[in-house]
Every structure is written in C-alpha cells, then in structure tokens.
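Q: One structure follows; several queries about it will come next.
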Amino acid sequence: MARAPEGEPRRFPRRVYGVGGEPDPRFSLANERTFLAWVRTSLALLAAGVALEALALPVDADLRLVSATVFVVLGLLAAAQSWLGWARAEVALRRSRPLPAPSLAPVVAGGVVLASALIAVGLLL
C-alpha cells in the first residue's frame with residue numbers, strides 16, 4: 001500500500017484512500033452527498049419503526065410489530081449501504097472505473113413495500 005507523502009496526513013479509511021489517484025473534488029463531494037442521503041434515509045426508516053410502536057395506531061398489534069421490526073432492520077441496512085456505497089464509489093472514482101450500483105437498494109425498496117403492505121393489511125383487520 002502506498003504511504004502518504006511527507007507532510008501529507010494519512011486519511012481514513014486507508015483501503016479507500018490508499019488506491020488510485022485523487023479524483024476531481026466535485027465527484028468526491030457528490031459521493032459524500034449520496035452518503036448523507038443514505039444516512040437520512042436510514043434515520044427516517046428507524047424513526048418509522050419506532051413511531052409504529054410508540055404511537056397508538058389502529059393497526060393489528062402483531063402486524064404493527066412485524067412492520068416496525070422490518071423498518072428498523074431496513075434502517076440498519078440503509079446505514080450499511082451508506083458506508084459501503086460511499087467506499088465502493090470512492091474507490092471506483094480513484095481508479096477511474098464505472099461507478100457500482102447500490103447493492104442494498106433493491107432490498108431496502110422491497111422491504112419498504114413489504115412493511116407498508118403489512119400496515120395496510122393491519123388497518124383492514
């Protein structure tokens with residue numbers, strides 16, 4: 001792994017910043033904004049899960065609990081996607097390679113559909 005030139009600080013994580021060359025700062029900043037969007041999504045999913053259990057909603061209790069659990073798990077997956085996606089995209093930028101697709105996005109989207117369907121069914125029961 002390449003060492004930081006004299007006078008240059010080491011950057012974390014080294015497995016990302018230790019490869020390739022410096023990309024255009026605009027691309028790295030756009031990648032950071034995407035990271036932050038995934039973090040906001042994660043927080044919203046966690047809040048949805050907590051709200052389902054904290055508020056007295058007219059939803060079947062068992063379906064409400066399952067839906068809340070799905071939202072919390074999705075929030076954790078979205079947080080993982082934020083970090084993993086940022087690192088994978090930054091490495092691709094540094095190596096001048098195509099950007100990878102967000103690997104957990106289909107799982108998060110499918111989970112939101114599932115949890116929402118559970119709430120809808122719970123409202124009907």
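Each chain of the structure tokens is named A, B, ... in the order shown, its residues numbered from 1; ligands are numbered from 1 in display order.
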Chain A: which residues are alpha helix (DSSP H) by DSSP, as a PyMOL selection string?
A: chain A and resi 14-17+25-54+61-94+105-124
Q: Save out the residues we just selected, C-alpha atoms, as a PDB file, in the first residue's frame.
A:
```pdb
ATOM      1  CA  ARG A  14      -6.697   3.597   4.028  1.00  0.00           C
ATOM      2  CA  ARG A  15      -8.287   0.842   1.910  1.00  0.00           C
ATOM      3  CA  VAL A  16     -10.170   3.631   0.091  1.00  0.00           C
ATOM      4  CA  TYR A  17      -7.646   6.462   0.049  1.00  0.00           C
ATOM      5  CA  PRO A  25     -13.176  17.046  -5.864  1.00  0.00           C
ATOM      6  CA  ARG A  26     -16.641  17.624  -7.319  1.00  0.00           C
ATOM      7  CA  PHE A  27     -17.099  13.878  -7.769  1.00  0.00           C
ATOM      8  CA  SER A  28     -15.943  13.096  -4.235  1.00  0.00           C
ATOM      9  CA  LEU A  29     -18.288  15.752  -2.856  1.00  0.00           C
ATOM     10  CA  ALA A  30     -21.189  14.321  -4.870  1.00  0.00           C
ATOM     11  CA  ASN A  31     -20.335  10.888  -3.473  1.00  0.00           C
ATOM     12  CA  GLU A  32     -20.407  12.372   0.026  1.00  0.00           C
ATOM     13  CA  ARG A  33     -23.855  13.878  -0.610  1.00  0.00           C
ATOM     14  CA  THR A  34     -25.099  10.449  -1.683  1.00  0.00           C
ATOM     15  CA  PHE A  35     -23.656   9.000   1.536  1.00  0.00           C
ATOM     16  CA  LEU A  36     -25.539  11.616   3.544  1.00  0.00           C
ATOM     17  CA  ALA A  37     -28.774  10.907   1.641  1.00  0.00           C
ATOM     18  CA  TRP A  38     -28.497   7.234   2.625  1.00  0.00           C
ATOM     19  CA  VAL A  39     -27.877   8.293   6.247  1.00  0.00           C
ATOM     20  CA  ARG A  40     -31.043  10.442   6.169  1.00  0.00           C
ATOM     21  CA  THR A  41     -32.965   7.524   4.673  1.00  0.00           C
ATOM     22  CA  SER A  42     -31.648   5.290   7.439  1.00  0.00           C
ATOM     23  CA  LEU A  43     -32.785   7.729  10.121  1.00  0.00           C
ATOM     24  CA  ALA A  44     -36.237   8.037   8.528  1.00  0.00           C
ATOM     25  CA  LEU A  45     -36.676   4.257   8.406  1.00  0.00           C
ATOM     26  CA  LEU A  46     -35.596   3.911  12.038  1.00  0.00           C
ATOM     27  CA  ALA A  47     -37.990   6.702  13.029  1.00  0.00           C
ATOM     28  CA  ALA A  48     -40.832   4.969  11.158  1.00  0.00           C
ATOM     29  CA  GLY A  49     -40.173   1.739  13.033  1.00  0.00           C
ATOM     30  CA  VAL A  50     -40.086   3.461  16.405  1.00  0.00           C
ATOM     31  CA  ALA A  51     -43.174   5.551  15.629  1.00  0.00           C
ATOM     32  CA  LEU A  52     -45.199   2.481  14.700  1.00  0.00           C
ATOM     33  CA  GLU A  53     -44.661   1.039  18.154  1.00  0.00           C
ATOM     34  CA  ALA A  54     -44.711   4.309  20.097  1.00  0.00           C
ATOM     35  CA  ALA A  61     -50.744  -5.338  17.017  1.00  0.00           C
ATOM     36  CA  ASP A  62     -48.904  -8.304  15.515  1.00  0.00           C
ATOM     37  CA  LEU A  63     -48.670  -6.773  12.046  1.00  0.00           C
ATOM     38  CA  ARG A  64     -47.644  -3.442  13.565  1.00  0.00           C
ATOM     39  CA  LEU A  65     -44.776  -5.128  15.448  1.00  0.00           C
ATOM     40  CA  VAL A  66     -43.596  -7.030  12.366  1.00  0.00           C
ATOM     41  CA  SER A  67     -43.777  -3.875  10.248  1.00  0.00           C
ATOM     42  CA  ALA A  68     -41.907  -1.842  12.869  1.00  0.00           C
ATOM     43  CA  THR A  69     -39.212  -4.520  13.013  1.00  0.00           C
ATOM     44  CA  VAL A  70     -38.896  -4.512   9.221  1.00  0.00           C
ATOM     45  CA  PHE A  71     -38.489  -0.715   9.228  1.00  0.00           C
ATOM     46  CA  VAL A  72     -35.793  -0.864  11.922  1.00  0.00           C
ATOM     47  CA  VAL A  73     -33.881  -3.599  10.068  1.00  0.00           C
ATOM     48  CA  LEU A  74     -34.181  -1.581   6.849  1.00  0.00           C
ATOM     49  CA  GLY A  75     -32.814   1.453   8.678  1.00  0.00           C
ATOM     50  CA  LEU A  76     -29.777  -0.561   9.723  1.00  0.00           C
ATOM     51  CA  LEU A  77     -29.331  -1.845   6.155  1.00  0.00           C
ATOM     52  CA  ALA A  78     -29.572   1.691   4.777  1.00  0.00           C
ATOM     53  CA  ALA A  79     -26.854   2.797   7.211  1.00  0.00           C
ATOM     54  CA  ALA A  80     -24.661  -0.061   5.988  1.00  0.00           C
ATOM     55  CA  GLN A  81     -25.415   0.908   2.379  1.00  0.00           C
ATOM     56  CA  SER A  82     -24.342   4.483   3.092  1.00  0.00           C
ATOM     57  CA  TRP A  83     -20.861   3.435   4.226  1.00  0.00           C
ATOM     58  CA  LEU A  84     -20.307   0.559   1.808  1.00  0.00           C
ATOM     59  CA  GLY A  85     -21.691   2.520  -1.134  1.00  0.00           C
ATOM     60  CA  TRP A  86     -19.532   5.536  -0.348  1.00  0.00           C
ATOM     61  CA  ALA A  87     -16.379   3.405  -0.099  1.00  0.00           C
ATOM     62  CA  ARG A  88     -17.090   1.438  -3.277  1.00  0.00           C
ATOM     63  CA  ALA A  89     -17.870   4.609  -5.265  1.00  0.00           C
ATOM     64  CA  GLU A  90     -14.810   6.449  -3.943  1.00  0.00           C
ATOM     65  CA  VAL A  91     -12.519   3.559  -4.915  1.00  0.00           C
ATOM     66  CA  ALA A  92     -14.120   3.471  -8.387  1.00  0.00           C
ATOM     67  CA  LEU A  93     -13.557   7.222  -8.753  1.00  0.00           C
ATOM     68  CA  ARG A  94      -9.934   6.916  -7.648  1.00  0.00           C
ATOM     69  CA  ALA A 105     -31.062  -0.514  -2.606  1.00  0.00           C
ATOM     70  CA  PRO A 106     -33.350  -3.250  -4.025  1.00  0.00           C
ATOM     71  CA  VAL A 107     -33.554  -4.892  -0.590  1.00  0.00           C
ATOM     72  CA  VAL A 108     -34.432  -1.586   1.095  1.00  0.00           C
ATOM     73  CA  ALA A 109     -37.043  -0.739  -1.558  1.00  0.00           C
ATOM     74  CA  GLY A 110     -38.615  -4.191  -1.354  1.00  0.00           C
ATOM     75  CA  GLY A 111     -38.644  -4.025   2.432  1.00  0.00           C
ATOM     76  CA  VAL A 112     -40.429  -0.672   2.416  1.00  0.00           C
ATOM     77  CA  VAL A 113     -43.087  -2.138   0.120  1.00  0.00           C
ATOM     78  CA  LEU A 114     -43.447  -5.171   2.406  1.00  0.00           C
ATOM     79  CA  ALA A 115     -43.685  -3.109   5.612  1.00  0.00           C
ATOM     80  CA  SER A 116     -46.185  -0.723   4.015  1.00  0.00           C
ATOM     81  CA  ALA A 117     -48.316  -3.652   2.814  1.00  0.00           C
ATOM     82  CA  LEU A 118     -48.288  -5.100   6.333  1.00  0.00           C
ATOM     83  CA  ILE A 119     -49.554  -1.778   7.716  1.00  0.00           C
ATOM     84  CA  ALA A 120     -52.297  -1.615   5.070  1.00  0.00           C
ATOM     85  CA  VAL A 121     -53.437  -5.141   5.887  1.00  0.00           C
ATOM     86  CA  GLY A 122     -53.249  -4.333   9.601  1.00  0.00           C
ATOM     87  CA  LEU A 123     -55.539  -1.351   9.091  1.00  0.00           C
ATOM     88  CA  LEU A 124     -58.128  -3.573   7.436  1.00  0.00           C
TER      89      LEU A 124
END
```
Q: What does the distance between CA of Pro23 (chain A) and CA of Ala101 (chain A) come to in Å, to one decimal place?
A: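 If I compute the distance from CA of Pro23 (chain A) to CA of Ala101 (chain A), I get 18.8 Å.
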Q: So how far away is CA of Arg11 (chain A) from CA of Pro98 (chain A), in Å?
A: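 Rounded to one decimal, the two atoms are 23.1 Å apart.
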Q: In Å to one decimal, how far is CA of Leu125 (chain A) from CA of Asp60 (chain A)?
A: 6.4 Å
